[in-house]
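Here is the file entry17.txt (compact mmCIF, C-alpha atoms).
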# COMPACT_ATOMS: atom_id res chain seq x y z
CA MET A 1 141.91 28.13 72.86
CA SER A 2 141.87 31.78 71.81
CA TYR A 3 139.92 33.23 68.90
CA ARG A 4 140.62 36.11 66.58
CA ILE A 5 137.85 38.37 65.29
CA THR A 6 138.57 39.79 61.83
CA ALA A 7 136.46 42.58 60.35
CA LEU A 8 135.48 42.05 56.72
CA THR A 9 133.97 44.33 54.08
CA ASP A 10 130.94 43.56 51.95
CA PRO A 11 132.03 44.49 48.41
CA GLU A 12 128.52 45.14 47.10
CA PRO A 13 126.26 47.40 49.18
CA ALA A 14 122.54 46.80 48.66
CA VAL A 15 120.15 49.46 47.43
CA SER A 16 118.66 50.16 50.85
CA SER A 17 121.44 49.06 53.20
CA THR A 18 125.12 48.38 53.74
CA ARG A 19 126.59 45.37 55.49
CA LEU A 20 129.49 44.81 57.86
CA ALA A 21 130.93 41.40 58.61
CA TRP A 22 133.25 39.66 61.08
CA LEU A 23 134.93 36.26 60.99
CA ALA A 24 135.97 34.38 64.13
CA SER A 25 138.89 31.97 63.67
CA ASP A 26 140.87 29.74 66.01
CA ASP A 27 144.63 29.63 66.62
CA GLU A 28 145.17 27.68 63.42
CA GLY A 29 143.04 30.01 61.31
CA ALA A 30 140.08 27.65 61.01
CA PRO A 31 136.72 29.50 60.86
CA ALA A 32 134.68 29.21 64.06
CA GLY A 33 131.83 31.64 63.44
CA SER A 34 130.67 34.75 61.64
CA ALA A 35 128.51 37.82 62.17
CA PHE A 36 126.80 40.06 59.64
CA LEU A 37 125.38 43.47 60.53
CA ARG A 38 123.00 45.10 58.07
CA LEU A 39 122.73 48.87 58.41
CA PHE A 40 119.52 50.15 56.84
CA SER A 41 120.00 53.39 54.94
CA LYS A 42 116.62 54.41 53.49
CA ASP A 43 114.40 57.11 54.96
CA GLY A 44 112.37 55.81 57.90
CA GLN A 45 114.86 53.12 58.88
CA GLU A 46 118.16 54.91 59.52
CA HIS A 47 117.79 54.00 63.20
CA LEU A 48 117.83 50.27 62.54
CA ALA A 49 120.40 47.48 62.21
CA GLU A 50 119.90 43.75 61.75
CA LEU A 51 122.25 41.07 63.07
CA ASP A 52 122.91 37.50 61.95
CA ILE A 53 125.38 35.44 64.03
CA ALA A 54 126.41 31.85 63.29
CA VAL A 55 128.81 29.76 65.38
CA HIS A 56 129.98 26.28 64.39
CA ARG A 57 128.32 23.78 66.70
CA CYS A 58 131.71 22.42 67.84
CA GLU A 59 132.80 25.93 68.91
CA ARG A 60 129.74 26.89 70.95
CA ARG A 61 129.94 27.80 74.64
CA ARG A 62 133.52 29.03 74.22
CA GLY A 63 132.79 32.75 73.94
CA VAL A 64 132.88 32.94 70.14
CA GLY A 65 129.31 34.21 69.80
CA THR A 66 129.79 36.71 72.61
CA ARG A 67 132.87 38.24 70.99
CA LEU A 68 131.14 38.48 67.61
CA LEU A 69 128.15 40.10 69.29
CA GLU A 70 130.36 42.64 71.06
CA ALA A 71 131.94 43.64 67.75
CA ALA A 72 128.57 44.03 66.05
CA VAL A 73 126.99 45.98 68.90
CA ALA A 74 129.95 48.36 69.04
CA ALA A 75 129.66 48.96 65.29
CA ALA A 76 125.90 49.54 65.48
CA ARG A 77 126.39 52.08 68.27
CA GLY A 78 129.18 53.71 66.32
CA GLU A 79 126.77 54.13 63.41
CA GLY A 80 124.23 55.81 65.68
CA ARG A 81 121.70 53.01 65.53
CA ARG A 82 118.85 52.91 68.04
CA SER A 83 117.67 49.31 67.64
CA LEU A 84 119.35 46.03 66.76
CA LEU A 85 117.20 43.15 65.49
CA ALA A 86 118.08 39.46 65.35
CA GLN A 87 116.03 36.36 64.64
CA ALA A 88 116.33 32.82 65.98
CA VAL A 89 114.40 29.58 65.63
CA ASP A 90 112.16 29.16 68.66
CA GLY A 91 113.91 26.94 71.22
CA ALA A 92 117.18 26.69 69.27
CA PRO A 93 120.61 27.66 70.71
CA GLY A 94 120.37 31.10 69.13
CA ASP A 95 117.09 31.72 70.95
CA HIS A 96 118.71 31.11 74.34
CA PHE A 97 121.87 33.02 73.35
CA LEU A 98 120.00 36.23 72.50
CA ALA A 99 117.70 36.05 75.51
CA ALA A 100 120.71 35.72 77.83
CA ARG A 101 122.42 38.81 76.40
CA GLY A 102 119.89 41.54 76.89
CA PHE A 103 117.75 41.08 73.79
CA ARG A 104 113.99 41.03 74.32
CA ARG A 105 111.37 39.11 72.38
CA VAL A 106 109.31 41.47 70.23
CA LEU A 107 107.68 39.28 67.57
CA ALA A 108 106.71 35.63 67.08
CA LEU A 109 106.66 34.25 63.54
CA THR A 110 105.25 31.09 62.01
CA TYR A 111 106.97 29.71 58.91
CA ALA A 112 104.83 27.59 56.59
CA ARG A 113 105.17 25.71 53.31
CA LEU A 114 102.72 24.75 50.58
CA PRO A 115 103.79 21.47 48.90
CA LEU A 116 102.67 22.13 45.32
CA ALA A 117 102.22 18.43 44.59
CA ASP A 118 99.59 18.30 47.35
CA ALA A 119 97.82 21.57 46.53
CA ASP A 120 94.26 21.16 45.29
CA PRO A 121 94.27 22.74 41.79
CA ASP A 122 90.47 22.77 41.57
CA ARG A 123 90.17 24.70 44.82
CA ILE A 124 92.91 27.14 43.78
CA ASP A 125 91.20 27.73 40.43
CA ALA A 126 87.86 28.28 42.12
CA LEU A 127 89.39 30.94 44.37
CA VAL A 128 90.99 32.67 41.38
CA ARG A 129 87.77 32.62 39.33
CA GLN A 130 85.63 34.03 42.13
CA PRO A 131 84.50 37.54 41.06
CA HIS A 132 85.35 40.59 43.13
CA GLU A 133 83.12 43.45 42.06
CA GLY A 134 85.04 46.64 41.39
CA TYR A 135 88.42 44.90 41.11
CA ARG A 136 90.46 42.94 38.60
CA LEU A 137 93.82 41.16 38.76
CA THR A 138 96.93 41.72 36.69
CA GLU A 139 100.41 40.25 36.94
CA TRP A 140 103.94 40.70 35.66
CA GLU A 141 107.44 39.25 35.82
CA GLY A 142 110.40 41.31 37.03
CA ARG A 143 110.01 45.08 36.83
CA VAL A 144 106.57 46.63 37.14
CA PRO A 145 105.18 47.88 33.79
CA PRO A 146 105.83 51.65 33.36
CA GLU A 147 102.13 52.51 33.29
CA LEU A 148 101.66 50.96 36.76
CA ALA A 149 104.97 51.98 38.36
CA ARG A 150 103.79 55.08 40.21
CA SER A 151 100.57 53.46 41.40
CA PHE A 152 102.40 50.30 42.49
CA ALA A 153 104.95 52.30 44.49
CA ALA A 154 102.11 54.17 46.21
CA SER A 155 100.40 50.88 47.08
CA ARG A 156 103.41 49.77 49.13
CA ARG A 157 102.02 51.70 52.10
CA ALA A 158 99.70 48.68 52.45
CA MET A 159 102.54 47.15 54.50
CA ASP A 160 102.92 50.14 56.85
CA ASP A 161 100.47 48.74 59.42
CA MET A 162 101.57 45.13 59.08
CA PRO A 163 101.52 43.58 62.59
CA MET A 164 105.05 43.95 64.01
CA ASP A 165 104.10 43.86 67.72
CA GLY A 166 106.91 45.52 69.70
CA THR A 167 109.45 45.68 66.86
CA ASP A 168 111.04 49.10 66.26
CA TYR A 169 111.04 48.47 62.52
CA GLY A 170 110.24 51.98 61.36
CA THR A 171 108.38 52.85 58.18
CA VAL A 172 109.77 51.82 54.81
CA VAL A 173 109.44 54.68 52.32
CA TRP A 174 108.86 53.51 48.75
CA ASP A 175 109.11 55.39 45.47
CA VAL A 176 109.37 54.26 41.85
CA ASP A 177 113.17 54.08 41.95
CA ARG A 178 113.11 51.81 44.99
CA VAL A 179 110.49 49.53 43.42
CA LEU A 180 112.58 49.16 40.28
CA SER A 181 115.81 48.67 42.24
CA ALA A 182 114.23 45.92 44.33
CA ALA A 183 113.17 44.06 41.19
CA ASP A 184 116.65 44.49 39.71
CA ALA A 185 118.22 43.11 42.90
CA VAL A 186 116.17 39.91 42.62
CA ALA A 187 117.15 39.54 38.95
CA GLY A 188 120.78 40.21 39.83
CA ARG A 189 120.73 37.16 42.12
CA GLY A 190 119.49 35.03 39.23
CA GLU A 191 115.99 34.68 40.70
CA LEU A 192 112.57 35.37 39.19
CA LEU A 193 110.15 37.91 40.67
CA HIS A 194 106.46 37.41 39.94
CA THR A 195 103.91 39.98 41.13
CA VAL A 196 100.12 39.75 41.21
CA ALA A 197 98.30 43.06 41.71
CA ALA A 198 94.69 43.97 42.37
CA LEU A 199 93.47 46.98 40.41
CA ASP A 200 90.55 49.25 41.19
CA THR A 201 88.44 49.11 38.03
CA ALA A 202 87.24 52.68 38.63
CA ASP A 203 90.63 54.23 37.92
CA GLY A 204 93.02 51.35 37.20
CA SER A 205 95.16 52.04 40.28
CA VAL A 206 97.00 49.31 42.20
CA VAL A 207 95.28 48.68 45.53
CA GLY A 208 97.04 45.46 46.56
CA PHE A 209 99.89 43.15 45.59
CA SER A 210 101.41 39.75 46.26
CA GLU A 211 105.06 39.06 45.41
CA LEU A 212 106.66 35.66 44.86
CA VAL A 213 110.34 34.95 44.19
CA VAL A 214 111.30 31.69 42.45
CA PRO A 215 114.78 30.17 41.92
CA GLY A 216 116.12 30.90 38.47
CA ASP A 217 116.01 27.24 37.42
CA GLY A 218 112.38 26.90 38.52
CA ARG A 219 113.19 24.14 41.01
CA GLY A 220 113.17 23.86 44.78
CA ASP A 221 110.96 26.22 46.78
CA GLY A 222 109.69 29.69 45.95
CA GLN A 223 109.41 32.39 48.61
CA HIS A 224 106.52 34.80 49.18
CA TYR A 225 107.96 38.26 49.82
CA GLY A 226 104.86 40.19 50.78
CA THR A 227 101.11 40.43 50.34
CA GLY A 228 99.30 43.65 51.19
CA VAL A 229 96.06 45.50 50.53
CA LEU A 230 95.53 49.21 51.06
CA PRO A 231 93.44 49.82 54.20
CA GLU A 232 90.60 51.47 52.30
CA HIS A 233 90.21 48.37 50.09
CA ARG A 234 90.30 45.66 52.76
CA GLY A 235 87.40 43.39 53.58
CA HIS A 236 86.85 42.20 50.00
CA GLY A 237 89.00 39.06 50.06
CA LEU A 238 91.68 40.56 47.82
CA GLY A 239 94.60 39.05 49.78
CA LEU A 240 93.34 35.48 49.31
CA TRP A 241 92.46 36.21 45.67
CA MET A 242 95.93 37.52 44.81
CA LYS A 243 97.81 34.81 46.68
CA ALA A 244 95.71 32.08 45.06
CA ARG A 245 96.54 33.57 41.64
CA ALA A 246 100.25 33.54 42.57
CA VAL A 247 100.02 29.86 43.55
CA ARG A 248 98.29 28.96 40.29
CA ARG A 249 100.83 30.93 38.27
CA ALA A 250 103.71 29.17 40.06
CA ARG A 251 102.24 25.76 39.21
CA GLU A 252 101.73 26.68 35.55
CA ARG A 253 104.96 28.58 34.97
CA HIS A 254 107.30 26.32 36.98
CA PRO A 255 106.09 22.67 36.85
CA GLU A 256 109.27 21.45 38.60
CA LEU A 257 108.86 23.79 41.57
CA SER A 258 108.47 21.78 44.80
CA GLY A 259 106.77 24.23 47.15
CA LEU A 260 106.13 27.78 48.29
CA LEU A 261 107.39 29.26 51.56
CA THR A 262 105.88 32.02 53.64
CA ASP A 263 106.36 33.52 57.10
CA THR A 264 103.73 35.41 59.05
CA ALA A 265 103.58 37.16 62.41
CA ASP A 266 101.48 35.15 64.85
CA SER A 267 99.46 38.30 65.53
CA ASN A 268 98.59 38.66 61.82
CA THR A 269 95.46 36.54 62.10
CA HIS A 270 94.10 37.60 58.69
CA MET A 271 97.12 36.45 56.68
CA ARG A 272 97.42 33.28 58.72
CA ALA A 273 93.81 32.51 57.75
CA VAL A 274 94.70 33.13 54.08
CA ASN A 275 97.61 30.70 54.34
CA ASP A 276 95.42 28.09 56.03
CA ALA A 277 92.78 28.44 53.31
CA LEU A 278 95.41 27.76 50.62
CA GLY A 279 96.80 24.69 52.38
CA TYR A 280 100.08 26.02 53.80
CA LEU A 281 101.46 23.79 56.56
CA PRO A 282 103.52 25.21 59.49
CA THR A 283 107.15 24.07 59.46
CA HIS A 284 108.66 25.90 62.43
CA LYS A 285 108.41 28.99 64.61
CA ALA A 286 110.92 31.80 64.99
CA VAL A 287 111.38 34.69 67.38
CA GLU A 288 112.40 38.23 66.49
CA TYR A 289 114.61 39.77 69.18
CA GLN A 290 115.50 43.42 69.70
CA LEU A 291 118.33 45.05 71.60
CA ASP A 292 117.68 48.69 72.47
CA LEU A 293 120.94 50.61 72.00
Full structure transcribed into structure tokens:
Amino acid sequence: MSYRITALTDPEPAVSSTRLAWLASDDEGAPAGSAFLRLFSKDGQEHLAELDIAVHRCERRRGVGTRLLEAAVAAARGEGRRSLLAQAVDGAPGDHFLAARGFRRVLALTYARLPLADADPDRIDALVRQPHEGYRLTEWEGRVPPELARSFAASRRAMDDMPMDGTDYGTVVWDVDRVLSAADAVAGRGELLHTVAALDTADGSVVGFSELVVPGDGRGDGQHYGTGVLPEHRGHGLGLWMKARAVRRARERHPELSGLLTDTADSNTHMRAVNDALGYLPTHKAVEYQLDL
């Protein structure tokens, strides 16, 4: 059987990237697989592209994935990209596919879930109530309040040294416009963004944050987007404090929410300890692959 690869166009570019797509179909026009290539466009990441390939299980080992990969790699090179990232579940077919085609493992990730029905509310409350001298917590839904916008954007550098092992991820440059656009993008998908921030009581500046995205109907699982503390304010337990507050808020605000999801680099021992302390249970492992173009 032969397959046709059709290039598609994403009608709605994201704030910080554009996306290309390809559809693989058989002789009768039935879909056999797809590939999506995200081209990052913000300062600090113009060298990077991210690939997602899916092949129907009945069509595997027939060259469909290889042809989709060839189309995506050619497009990434044509766009002048230096590195191509792709992720696969550890031990799954995609893991073996990428390893056999020149990609190298650069990062191991552990995915975990906190079943809210099993979370200990007394322990969560105790963590939230624990005082942290020189700091206080605040929180908001959706867009950051105007009086904190500039400080919050500046605090995003807390993620610059996040353990990424050998990944050529670059440095994400944040400003107020990007912070607001990111919140608008979540709202545009019909989801709810909740942010907990740690403030320095000396000047009221944001020194850390923890973001959680919840489905618009308040059901299913929420997803942690990022938790970070500025280097000069680490060592005070702010990460655990903020994440515990986010868990408590999720329970109070969304009583029908089932759980909270998070993913953490295996080398990020501090955040893994935070997750363990809150009761998150590992669900599976994934591998980040990189192809050097």
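Of the residues under consideration (A:Leu109, A:Ala250, A:Ala183, A:Leu240), A:Ala250 shows the shortest atom-to-atom contact distance to Pro121 in chain A when counting all atoms listed in the file.
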Checklist outcome for this item: Of A:Thr201, A:Thr18, A:Thr9, A:Thr66, the one nearest to Glu50 in chain A when counting only C-alpha atoms is A:Thr18
Item to check | Atom-to-atom span, CA of Thr227 in chain A and CA of Ala49 in chain A, Å | outcome: 23.7 Å
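Near range 278-281 of chain A, within 8 Å and counting all atoms listed in the file, sit Ala112, Arg113, Leu114, Pro115, Ala119, Ile124 and Ala244 of chain A, not including residues fewer than 5 positions from it in the same chain.
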Item to check | Close residues, Ala35 in chain A itself excluded, 6 Å, only C-alpha atoms, min 5 positions apart in chain, as an MDAnalysis selection string | outcome: chainID A and resid 21:22 52:53
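Proximity to Asp263 in chain A was assessed for A:Tyr169, A:Tyr225, A:Phe97, A:Phe40 counting all atoms listed in the file; the smallest distance is recorded for A:Tyr225.
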Next on the checklist: Set the distance at 9 Å and use only C-alpha atoms: which residues neighbour Ser34 in chain A once local chain neighbours fewer than 6 positions away are removed? I'd like the list as a PyMOL selection string.
Outcome noted: chain A and resi 5+21-25+52-56+64-65+68
Item to check | Exercise: Val173 in chain A partners within 10 Å, only C-alpha atoms, chain neighbours under 3 positions left out, as an MDAnalysis selection string | outcome: chainID A and resid 42:45 153:154 156:157 160 170 178
Next on the checklist: Need the shell around Phe103 in chain A: protein/DNA/RNA residues with any atom at most 8 Å away, counting all atoms listed in the file. Skip same-chain ones fewer than 5 positions apart. Format as a PyMOL selection string?
Outcome noted: chain A and resi 98+289-292
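The space separating CA of His47 in chain A from CA of Asp10 in chain A comes to 20.2 Å.
The gap separating CA of Ala277 in chain A from CA of Leu137 in chain A is 19.4 Å, in Å to one decimal.
Using all atoms listed in the file, the smallest distance between any of A:Arg82, A:Arg136, A:His270, A:Arg143 and Ser205 in chain A comes from A:Arg136.
With distances restricted to only C-alpha atoms, A:Ala198 is the closest residue to Leu148 in chain A from A:Ala126, A:Ala108, A:Val229, A:Ala198.
Comparing A:Leu48, A:Gly190, A:Thr110, A:Arg129 by their smallest distance to His284 in chain A, the closest is A:Thr110 (using all atoms listed in the file).
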Could you model N, CA, C and O atoms for range 106-129 of chain A and present them as a compact mmCIF listing (two decimals), keeping the file's coordinate frame?
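Saved result, out-v9.txt, follows:
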# COMPACT_ATOMS: atom_id res chain seq x y z
N VAL A 106 110.25 40.44 70.67
CA VAL A 106 109.31 41.47 70.23
C VAL A 106 108.31 40.94 69.20
O VAL A 106 107.30 41.58 68.94
N LEU A 107 108.57 39.77 68.61
CA LEU A 107 107.68 39.28 67.57
C LEU A 107 107.83 37.77 67.43
O LEU A 107 108.95 37.26 67.42
N ALA A 108 106.71 37.08 67.34
CA ALA A 108 106.71 35.63 67.08
C ALA A 108 106.25 35.39 65.65
O ALA A 108 105.27 36.00 65.18
N LEU A 109 106.94 34.52 64.95
CA LEU A 109 106.66 34.25 63.54
C LEU A 109 106.41 32.77 63.33
O LEU A 109 107.05 31.92 63.97
N THR A 110 105.48 32.47 62.43
CA THR A 110 105.25 31.09 62.01
C THR A 110 105.66 30.95 60.55
O THR A 110 105.19 31.71 59.69
N TYR A 111 106.55 30.02 60.27
CA TYR A 111 106.97 29.71 58.91
C TYR A 111 106.11 28.54 58.40
O TYR A 111 105.84 27.59 59.15
N ALA A 112 105.70 28.63 57.15
CA ALA A 112 104.83 27.59 56.59
C ALA A 112 105.23 27.31 55.15
O ALA A 112 105.88 28.13 54.48
N ARG A 113 104.82 26.15 54.68
CA ARG A 113 105.17 25.71 53.31
C ARG A 113 103.95 25.08 52.65
O ARG A 113 103.21 24.32 53.30
N LEU A 114 103.76 25.38 51.38
CA LEU A 114 102.72 24.75 50.58
C LEU A 114 103.39 23.76 49.63
O LEU A 114 104.06 24.18 48.67
N PRO A 115 103.25 22.45 49.86
CA PRO A 115 103.79 21.47 48.90
C PRO A 115 102.92 21.51 47.64
O PRO A 115 101.74 21.15 47.69
N LEU A 116 103.48 21.93 46.52
CA LEU A 116 102.67 22.13 45.32
C LEU A 116 102.08 20.83 44.80
O LEU A 116 101.00 20.84 44.19
N ALA A 117 102.75 19.72 45.05
CA ALA A 117 102.22 18.43 44.59
C ALA A 117 100.93 18.08 45.33
O ALA A 117 100.09 17.33 44.81
N ASP A 118 100.76 18.62 46.54
CA ASP A 118 99.59 18.30 47.35
C ASP A 118 98.50 19.36 47.25
O ASP A 118 97.40 19.17 47.78
N ALA A 119 98.81 20.49 46.63
CA ALA A 119 97.82 21.57 46.53
C ALA A 119 96.66 21.13 45.64
O ALA A 119 96.86 20.47 44.62
N ASP A 120 95.47 21.52 46.03
CA ASP A 120 94.26 21.16 45.29
C ASP A 120 94.06 22.16 44.16
O ASP A 120 93.61 23.29 44.38
N PRO A 121 94.37 21.77 42.89
CA PRO A 121 94.27 22.74 41.79
C PRO A 121 92.85 23.23 41.55
O PRO A 121 92.64 24.38 41.18
N ASP A 122 91.86 22.35 41.78
CA ASP A 122 90.47 22.77 41.57
C ASP A 122 90.07 23.85 42.58
O ASP A 122 89.37 24.81 42.22
N ARG A 123 90.50 23.69 43.80
CA ARG A 123 90.17 24.70 44.82
C ARG A 123 90.89 26.01 44.52
O ARG A 123 90.31 27.09 44.65
N ILE A 124 92.17 25.93 44.12
CA ILE A 124 92.91 27.14 43.78
C ILE A 124 92.24 27.86 42.62
O ILE A 124 92.05 29.08 42.64
N ASP A 125 91.85 27.12 41.59
CA ASP A 125 91.20 27.73 40.43
C ASP A 125 89.88 28.37 40.82
O ASP A 125 89.53 29.45 40.31
N ALA A 126 89.14 27.72 41.70
CA ALA A 126 87.86 28.28 42.12
C ALA A 126 88.05 29.60 42.85
O ALA A 126 87.27 30.55 42.67
N LEU A 127 89.11 29.69 43.67
CA LEU A 127 89.39 30.94 44.37
C LEU A 127 89.78 32.04 43.39
O LEU A 127 89.39 33.20 43.54
N VAL A 128 90.57 31.68 42.37
CA VAL A 128 90.99 32.67 41.38
C VAL A 128 89.81 33.16 40.55
O VAL A 128 89.71 34.35 40.23
N ARG A 129 88.90 32.26 40.19
CA ARG A 129 87.77 32.62 39.33
C ARG A 129 86.67 33.40 40.06
O ARG A 129 85.82 34.02 39.43
